[in-house]
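What follows is the content of structure_37.csv, which has CSV, C-alpha atoms:
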```csv
chain,number,residue,atom,x,y,z
J,1,MET,CA,74.6,214.2,-60.1
J,2,ILE,CA,72.3,214.9,-62.9
J,3,ASP,CA,69.5,213.2,-60.9
J,4,GLY,CA,70.3,215.5,-58.0
J,5,PHE,CA,69.7,218.5,-60.3
J,6,GLY,CA,66.2,217.3,-60.9
J,7,PHE,CA,66.4,215.9,-64.5
J,8,GLY,CA,64.0,213.1,-65.3
J,9,ALA,CA,64.9,209.5,-66.2
J,10,LYS,CA,63.9,210.1,-69.9
J,11,TRP,CA,66.3,213.0,-70.3
J,12,ARG,CA,69.1,211.2,-68.5
J,13,GLY,CA,68.6,208.3,-70.8
J,14,TRP,CA,69.0,210.6,-73.9
J,15,ILE,CA,72.2,211.9,-72.5
J,16,MET,CA,73.6,208.4,-71.8
J,17,GLU,CA,72.6,207.3,-75.3
J,18,CYS,CA,74.5,210.2,-76.8
J,19,LEU,CA,77.6,209.4,-74.7
J,20,SER,CA,77.5,205.6,-75.2
J,21,THR,CA,76.6,205.4,-78.9
J,22,ALA,CA,78.7,208.3,-80.2
J,23,ARG,CA,81.4,207.4,-82.8
J,24,GLY,CA,84.2,209.5,-84.3
J,25,SER,CA,86.8,209.6,-87.0
J,26,VAL,CA,90.1,211.4,-87.5
J,27,LEU,CA,91.3,213.3,-90.6
J,28,VAL,CA,94.6,212.0,-91.9
J,29,ASN,CA,96.0,214.0,-94.8
J,30,GLY,CA,92.6,215.4,-95.5
J,31,SER,CA,90.8,212.0,-95.6
J,32,PRO,CA,88.6,210.7,-92.7
J,33,THR,CA,89.5,207.3,-91.2
J,34,GLU,CA,87.1,204.6,-90.2
J,35,GLU,CA,84.8,205.5,-87.3
J,36,PHE,CA,85.6,204.2,-83.9
J,37,ASP,CA,83.9,204.1,-80.5
J,38,MET,CA,84.6,206.8,-77.8
J,39,GLU,CA,86.0,205.1,-74.7
J,40,LYS,CA,87.0,208.1,-72.6
J,41,GLY,CA,83.8,210.1,-72.5
J,42,LEU,CA,83.5,213.6,-73.9
J,43,ARG,CA,86.2,215.3,-75.9
J,44,GLN,CA,86.8,218.9,-76.8
J,45,GLY,CA,84.5,220.1,-79.5
J,46,ASP,CA,81.6,217.8,-78.5
J,47,PRO,CA,78.3,219.7,-78.3
J,48,LEU,CA,77.5,218.2,-74.9
J,49,SER,CA,80.8,219.0,-73.3
J,50,PRO,CA,80.0,222.6,-72.2
J,51,PHE,CA,76.7,221.6,-70.5
J,52,LEU,CA,78.1,218.5,-68.8
J,53,PHE,CA,81.2,220.4,-67.7
J,54,LEU,CA,79.1,223.0,-65.9
J,55,MET,CA,77.2,220.2,-64.2
J,56,VAL,CA,80.4,218.4,-63.1
J,57,VAL,CA,82.1,221.5,-61.7
J,58,GLU,CA,78.9,222.2,-59.8
J,59,GLY,CA,79.9,219.2,-57.6
J,60,LEU,CA,83.2,220.9,-56.8
J,61,SER,CA,81.4,224.1,-55.9
J,62,GLY,CA,79.1,222.1,-53.6
J,63,LEU,CA,82.1,220.5,-51.8
J,64,VAL,CA,83.6,224.0,-51.2
J,65,LYS,CA,80.3,225.3,-49.9
J,66,LYS,CA,79.9,222.4,-47.5
J,67,ALA,CA,83.5,222.8,-46.2
J,68,LYS,CA,82.9,226.5,-45.6
J,69,ASN,CA,79.6,225.9,-43.8
J,70,GLU,CA,81.4,223.4,-41.5
J,71,GLY,CA,84.1,225.9,-40.8
J,72,LEU,CA,86.8,223.8,-42.4
J,73,LEU,CA,87.7,226.2,-45.2
J,74,HIS,CA,88.1,230.0,-44.9
J,75,GLY,CA,88.0,232.3,-47.9
J,76,ILE,CA,88.8,235.9,-48.2
J,77,GLU,CA,86.5,238.9,-47.7
J,78,VAL,CA,86.1,241.4,-50.5
J,79,GLY,CA,84.1,244.6,-50.8
J,80,LYS,CA,82.4,246.8,-48.1
J,81,ARG,CA,79.9,244.0,-47.3
J,82,GLY,CA,82.6,241.5,-46.6
J,83,LEU,CA,81.6,239.0,-49.3
J,84,ALA,CA,83.5,235.7,-48.6
J,85,VAL,CA,85.1,234.3,-51.8
J,86,SER,CA,86.9,231.0,-51.9
J,87,LEU,CA,86.4,229.6,-55.4
J,88,LEU,CA,86.5,231.3,-58.9
J,89,GLN,CA,86.1,229.3,-62.1
J,90,PHE,CA,86.9,230.6,-65.6
J,91,ALA,CA,86.1,228.0,-68.4
J,92,ASP,CA,88.7,225.3,-67.6
J,93,ASP,CA,90.7,227.3,-65.0
J,94,THR,CA,90.0,227.1,-61.3
J,95,VAL,CA,91.2,229.5,-58.6
J,96,PHE,CA,91.1,228.7,-54.9
J,97,LEU,CA,91.2,231.8,-52.6
J,98,GLY,CA,91.8,231.5,-48.8
J,99,ARG,CA,93.7,232.6,-45.8
J,100,ALA,CA,97.3,231.6,-45.5
J,101,ASP,CA,97.2,228.9,-42.9
J,102,SER,CA,98.0,225.2,-42.9
J,103,GLY,CA,94.3,224.2,-42.3
J,104,ASN,CA,93.2,225.8,-45.6
J,105,ILE,CA,96.0,224.1,-47.5
J,106,PHE,CA,95.1,220.6,-46.3
J,107,MET,CA,91.4,221.2,-46.8
J,108,VAL,CA,92.0,222.3,-50.4
J,109,LYS,CA,94.0,219.1,-51.1
J,110,THR,CA,91.2,217.0,-49.4
J,111,ILE,CA,88.5,218.6,-51.5
J,112,LEU,CA,90.3,218.0,-54.7
J,113,ARG,CA,90.9,214.4,-53.7
J,114,TRP,CA,87.2,213.9,-53.0
J,115,PHE,CA,86.3,215.5,-56.3
J,116,GLU,CA,88.7,213.2,-58.1
J,117,LEU,CA,87.1,210.1,-56.5
J,118,MET,CA,83.5,211.2,-57.4
J,119,SER,CA,84.0,212.6,-60.9
J,120,GLY,CA,87.0,210.7,-62.2
J,121,LEU,CA,88.7,214.1,-63.0
J,122,ARG,CA,92.2,214.1,-61.7
J,123,ILE,CA,93.9,217.4,-60.8
J,124,ASN,CA,97.3,217.8,-62.4
J,125,PHE,CA,99.3,219.5,-59.7
J,126,ASN,CA,102.4,219.7,-62.0
J,127,LYS,CA,100.5,222.4,-64.0
J,128,SER,CA,99.2,224.1,-60.9
J,129,SER,CA,100.8,227.0,-59.0
J,130,LEU,CA,100.5,228.4,-55.5
J,131,TYR,CA,100.7,232.2,-55.1
J,132,GLY,CA,101.1,234.1,-51.8
J,133,PHE,CA,100.4,237.7,-51.0
J,134,ASN,CA,101.8,239.4,-47.9
J,135,VAL,CA,103.2,236.1,-46.7
J,136,SER,CA,106.8,234.8,-46.3
J,137,GLU,CA,108.5,232.9,-49.1
J,138,ARG,CA,109.4,230.1,-46.7
J,139,TRP,CA,105.7,229.5,-45.9
J,140,ILE,CA,104.8,229.5,-49.6
J,141,ARG,CA,107.5,226.9,-50.4
J,142,GLU,CA,106.3,224.6,-47.5
J,143,ALA,CA,102.7,224.9,-48.6
J,144,ALA,CA,103.6,224.2,-52.2
J,145,GLY,CA,105.5,221.1,-51.0
J,146,VAL,CA,102.3,219.8,-49.3
J,147,LEU,CA,100.3,220.3,-52.5
J,148,HIS,CA,103.1,219.1,-54.8
J,149,CYS,CA,102.7,222.1,-57.1
J,150,ALA,CA,105.0,224.9,-58.3
J,151,VAL,CA,105.5,228.2,-56.5
J,152,GLY,CA,104.0,231.1,-58.5
J,153,VAL,CA,105.9,234.4,-58.9
J,154,THR,CA,104.1,237.8,-59.2
J,155,PRO,CA,103.4,239.6,-61.4
J,156,PHE,CA,102.0,236.9,-63.7
J,157,ARG,CA,99.9,237.0,-66.8
J,158,TYR,CA,96.4,235.7,-66.8
J,159,LEU,CA,93.9,236.2,-69.6
J,160,GLY,CA,96.2,238.7,-71.2
J,161,MET,CA,96.6,240.9,-68.2
J,162,LEU,CA,99.3,241.2,-65.5
J,163,ILE,CA,98.2,240.1,-62.0
J,164,GLY,CA,100.0,241.4,-59.0
J,165,GLY,CA,101.5,244.5,-60.6
J,166,ASN,CA,101.0,248.2,-59.8
J,167,PRO,CA,98.6,249.8,-62.4
J,168,ARG,CA,99.9,253.2,-61.3
J,169,ARG,CA,103.3,252.6,-62.8
J,170,LYS,CA,104.1,253.2,-66.4
J,171,LYS,CA,105.9,249.9,-66.7
J,172,PHE,CA,102.7,248.0,-65.9
J,173,TRP,CA,101.1,249.3,-69.1
J,174,ASP,CA,104.1,248.9,-71.4
J,175,PRO,CA,103.0,245.4,-72.6
J,176,VAL,CA,99.6,246.8,-73.4
J,177,VAL,CA,101.0,249.8,-75.4
J,178,THR,CA,103.4,247.4,-77.3
J,179,LYS,CA,100.6,245.1,-78.2
J,180,PHE,CA,98.4,248.0,-79.3
J,181,CYS,CA,101.3,249.3,-81.5
J,182,THR,CA,101.8,245.9,-83.1
J,183,LYS,CA,98.1,245.6,-83.9
J,184,LEU,CA,98.1,249.1,-85.3
J,185,ALA,CA,101.1,248.3,-87.5
J,186,ALA,CA,99.3,245.2,-88.8
J,187,TRP,CA,96.2,247.3,-89.6
J,188,LYS,CA,98.3,249.9,-91.4
J,189,SER,CA,99.9,247.2,-93.6
J,190,ALA,CA,96.5,245.8,-94.4
J,191,VAL,CA,94.9,249.2,-95.2
J,192,LEU,CA,97.8,251.0,-96.9
J,193,SER,CA,97.8,250.7,-100.6
J,194,PHE,CA,100.6,248.8,-102.5
J,195,GLY,CA,101.8,252.1,-104.0
J,196,GLY,CA,101.9,253.7,-100.6
J,197,CYS,CA,103.9,250.8,-99.2
J,198,LEU,CA,106.4,251.1,-102.0
J,199,THR,CA,106.8,254.8,-101.4
J,200,LEU,CA,107.3,254.3,-97.7
J,201,LEU,CA,109.8,251.5,-98.2
J,202,ASN,CA,111.8,253.5,-100.8
J,203,SER,CA,111.9,256.6,-98.5
J,204,LEU,CA,113.1,254.6,-95.6
J,205,ALA,CA,115.7,252.7,-97.6
J,206,VAL,CA,117.5,255.9,-98.9
J,207,ASN,CA,117.2,257.8,-95.6
J,208,LYS,CA,120.4,257.3,-93.6
J,209,ASP,CA,118.9,258.9,-90.5
J,210,SER,CA,115.9,256.5,-90.3
J,211,LYS,CA,115.7,254.2,-87.3
J,212,VAL,CA,115.6,250.4,-87.3
J,213,LYS,CA,112.1,250.3,-85.8
J,214,GLU,CA,110.7,252.3,-88.7
J,215,TYR,CA,111.3,249.3,-91.0
J,216,GLY,CA,108.7,247.2,-89.2
J,217,THR,CA,108.8,243.6,-88.1
J,218,TRP,CA,108.5,241.7,-91.3
J,219,GLU,CA,108.9,237.9,-91.3
J,220,GLY,CA,111.0,235.9,-93.9
J,221,ASP,CA,114.3,236.4,-95.6
J,222,SER,CA,113.1,238.8,-98.3
J,223,TRP,CA,112.9,241.8,-96.1
J,224,HIS,CA,116.2,241.2,-94.3
J,225,TRP,CA,117.8,240.7,-97.8
J,226,GLU,CA,116.4,244.1,-98.9
J,227,MET,CA,117.8,245.7,-95.8
J,228,LYS,CA,121.3,244.2,-96.3
J,229,TRP,CA,121.2,244.9,-100.0
J,230,ARG,CA,120.3,248.6,-99.8
J,231,ARG,CA,122.4,249.5,-96.8
J,232,GLU,CA,125.6,247.7,-98.0
J,233,ARG,CA,125.2,245.2,-95.2
J,234,LEU,CA,126.0,242.0,-97.2
J,235,PRO,CA,129.0,240.2,-95.7
J,236,THR,CA,131.3,240.8,-98.7
J,237,ARG,CA,135.1,240.9,-98.1
J,238,TRP,CA,135.0,244.7,-98.5
J,239,ASN,CA,132.4,245.1,-95.7
J,240,LEU,CA,134.1,242.5,-93.5
J,241,GLN,CA,137.4,244.4,-93.8
J,242,LYS,CA,135.8,247.7,-92.9
J,243,ARG,CA,134.3,246.1,-89.8
J,244,GLY,CA,137.8,244.8,-88.8
J,245,MET,CA,136.7,241.2,-89.1
J,246,ILE,CA,139.4,240.4,-91.8
J,247,PHE,CA,142.6,242.1,-92.8
J,248,GLN,CA,143.8,243.1,-96.2
J,249,GLY,CA,146.5,240.4,-95.9
J,250,ASP,CA,143.7,237.7,-95.8
J,251,GLY,CA,142.7,238.6,-99.4
J,252,MET,CA,140.1,241.1,-100.6
J,253,LYS,CA,139.6,239.6,-104.0
J,254,CYS,CA,136.3,238.1,-105.1
J,255,GLY,CA,135.7,234.5,-103.9
J,256,LEU,CA,134.2,233.6,-107.3
J,257,CYS,CA,136.3,235.0,-110.0
J,258,LYS,CA,139.4,235.8,-107.9
J,259,GLU,CA,139.6,239.2,-109.6
J,260,GLY,CA,138.9,242.6,-108.2
J,261,VAL,CA,137.8,243.7,-104.7
J,262,GLU,CA,134.6,241.9,-103.6
J,263,ASP,CA,132.0,244.4,-102.9
J,264,VAL,CA,128.3,244.5,-103.7
J,265,ASN,CA,128.8,246.2,-107.1
J,266,HIS,CA,131.5,243.7,-108.1
J,267,LEU,CA,129.6,240.7,-106.8
J,268,PHE,CA,126.4,241.4,-108.8
J,269,CYS,CA,127.6,243.5,-111.8
J,270,ILE,CA,131.3,242.9,-112.6
J,271,CYS,CA,132.1,239.4,-111.5
J,272,LYS,CA,132.6,237.0,-114.5
J,273,THR,CA,130.8,234.2,-112.7
J,274,ALA,CA,127.8,236.4,-112.0
J,275,TRP,CA,127.8,237.6,-115.6
J,276,LEU,CA,127.3,234.0,-116.7
J,277,VAL,CA,124.0,234.1,-114.8
J,278,TRP,CA,123.1,237.5,-116.2
J,279,VAL,CA,123.8,236.4,-119.8
J,280,LYS,CA,121.3,233.6,-119.4
J,281,VAL,CA,118.7,236.0,-117.9
J,282,ILE,CA,119.3,238.6,-120.7
J,283,GLN,CA,119.0,235.9,-123.4
J,284,TRP,CA,115.9,234.5,-121.7
J,285,TRP,CA,114.2,238.0,-121.7
J,286,GLY,CA,115.6,238.9,-125.1
J,287,LEU,CA,117.2,242.1,-123.8
J,288,GLU,CA,119.6,244.3,-125.7
J,289,VAL,CA,120.9,246.6,-123.0
J,290,VAL,CA,124.2,246.4,-121.0
J,291,MET,CA,124.4,247.0,-117.3
J,292,GLN,CA,126.8,249.7,-116.3
J,293,ASP,CA,129.5,249.6,-113.7
J,294,LYS,CA,128.6,252.1,-111.1
J,295,LYS,CA,131.1,252.3,-108.3
J,296,HIS,CA,128.7,254.0,-106.0
J,297,GLY,CA,125.5,253.0,-107.6
J,298,ASP,CA,122.8,250.7,-106.6
J,299,PHE,CA,122.4,247.3,-108.2
J,300,ARG,CA,118.6,247.4,-107.7
J,301,GLU,CA,118.3,250.7,-109.5
J,302,GLN,CA,120.3,249.3,-112.5
J,303,LEU,CA,118.0,246.3,-112.6
J,304,LEU,CA,114.9,248.5,-112.5
J,305,GLU,CA,116.3,250.8,-115.2
J,306,LEU,CA,116.9,247.8,-117.4
J,307,ILE,CA,113.4,246.5,-116.9
J,308,GLN,CA,111.9,249.9,-117.5
J,309,VAL,CA,113.7,250.3,-120.8
J,310,GLU,CA,112.5,246.9,-122.0
J,311,CYS,CA,108.9,247.7,-120.8
J,312,ALA,CA,109.0,251.0,-122.7
J,313,LYS,CA,110.2,249.2,-125.9
J,314,GLU,CA,107.5,246.5,-125.6
J,315,LEU,CA,104.8,249.1,-125.0
J,316,THR,CA,105.9,251.1,-128.1
J,317,ARG,CA,105.8,248.0,-130.2
J,318,TYR,CA,102.3,247.2,-128.9
J,319,LYS,CA,101.0,250.7,-129.5
J,320,ARG,CA,102.4,250.7,-133.1
J,321,SER,CA,101.0,247.3,-133.9
J,322,LEU,CA,97.6,248.2,-132.4
J,323,LYS,CA,97.4,251.4,-134.5
J,324,ILE,CA,98.3,249.7,-137.7
J,325,PHE,CA,95.8,246.9,-137.0
J,326,LYS,CA,93.0,249.5,-136.5
J,327,GLN,CA,93.9,251.4,-139.6
J,328,GLN,CA,93.7,248.2,-141.7
J,329,GLN,CA,90.3,247.4,-140.2
J,330,GLY,CA,89.0,250.9,-140.9
J,331,THR,CA,90.2,250.6,-144.5
J,332,ARG,CA,88.4,247.3,-145.0
J,333,LEU,CA,85.1,248.7,-143.6
J,334,GLN,CA,85.0,251.8,-146.1
J,335,PRO,CA,83.7,250.6,-149.5
J,336,ASP,CA,84.2,254.0,-151.2
J,337,SER,CA,88.0,254.1,-150.4
J,338,PRO,CA,90.5,253.6,-153.2
J,339,ALA,CA,92.0,250.7,-151.4
J,340,ALA,CA,88.6,248.9,-151.3
J,341,GLU,CA,87.9,249.5,-155.0
J,342,THR,CA,91.1,247.9,-156.0
```
For this file, produce the structure as structure tokens.
Amino acid sequence: MIDGFGFGAKWRGWIMECLSTARGSVLVNGSPTEEFDMEKGLRQGDPLSPFLFLMVVEGLSGLVKKAKNEGLLHGIEVGKRGLAVSLLQFADDTVFLGRADSGNIFMVKTILRWFELMSGLRINFNKSSLYGFNVSERWIREAAGVLHCAVGVTPFRYLGMLIGGNPRRKKFWDPVVTKFCTKLAAWKSAVLSFGGCLTLLNSLAVNKDSKVKEYGTWEGDSWHWEMKWRRERLPTRWNLQKRGMIFQGDGMKCGLCKEGVEDVNHLFCICKTAWLVWVKVIQWWGLEVVMQDKKHGDFREQLLELIQVECAKELTRYKRSLKIFKQQQGTRLQPDSPAAET
């Protein structure tokens, strides 16, 4: 085939040397293995694959043109000039277009068989689909049975766009709008400052009238945990009883300490078992404050208040030590001061 395109013997020899002498290796846990010979020709990522792919599929295009010239294959006419189109190729996707008759179906199958025998590239009909427009479903099923492929359903998505839909309808553009909004939300999260994000999240968390979609589509358990925490959505016994999932007779007491009604405040602030954990944390941080029992308070706010108090204390100590240190340095640098003379 390369000879038929007019390439000389020397150039063809270079190509064959590149194909026959090429060796490759595979990265396993970040380390390359020993090199091995290529036995199945080109692979994805090879610098020669785009050029040879264009040459090989030119053979398929030649078969289609010959079948059209012989009157064995009939395409469809598009445009005012009646341009006949029977084959479209996009990278590694191939689309056959033609009239809905049995002759076209058998000819397409014959062309693909010829192409397989000449190039060694076998068509996977299990991954192929047959679509029909303005034809009966029965005919489509029979034609798909001849080709041994699946029956396509419209509208379908190709290259990110819907094919077979009505662009005049609002529903046709809903996926585009949704995708645009998703991209815009990702852009906002990347551009918005950290302080702005905190302000936005705090305003949404305390606003009872806010909608679920305003919270975004975060991934991971941390965001869902924040939602349940701030909105009293944790599956405590108190919340389960309010939803009618358990009854008071089933026991409303805490499952850890067996004392008091198990709600969010009790679970994180009052429960004796939880306090064993908090004692370790308080000792680890060297804190001297006591968390208060707020029946209608927020555990997160209490924790932030606790941290703010300790940060203020540490900042005061730092400022005091820094001021004393600078005063001592200034005293040492003044030879006329009474402290320096003594």
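Take atom CA of J:Lys127 and atom CA of J:Asp93: the distance between them is 11.0 Å.
The space between atom CA of J:Val108 and atom CA of J:Ala150 spans 15.4 Å.
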- [ ] Quick one: residues within 12 Å of (69.3, 217.7, -61.7) (file frame), counting all atoms listed in the file, please, as a PyMOL selection string.
- [x] chain J and resi 1-9+11-12+52+54-56+58-59
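Using only C-alpha atoms, the residues found no farther than 10 Å from J:Ser128, other than those of its own chain fewer than 5 positions away, are Asp93, Thr94, Val95, Ile123, Ala144, Leu147, His148, Cys149, Ala150, Val151 and Gly152 of chain J.
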TODO: Using all atoms listed in the file, pick whichever of J:Trp278, J:Trp173, J:Phe156, J:Trp14 has the shortest atom-to-atom distance to J:Ser129.
DONE: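 Looking at the shortest contact to J:Ser129, the residue is J:Phe156.
Among the candidate residues J:Val57, J:Val177, J:Leu184, J:Leu88, the one lying nearest to J:Leu121 is J:Val57, with distances computed using only C-alpha atoms.
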TODO: One decimal, Å: what's the distance from atom CA of J:Pro47 over to atom CA of J:Leu27, could you say?
DONE: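 Distance between the two atoms: 19.0 Å.
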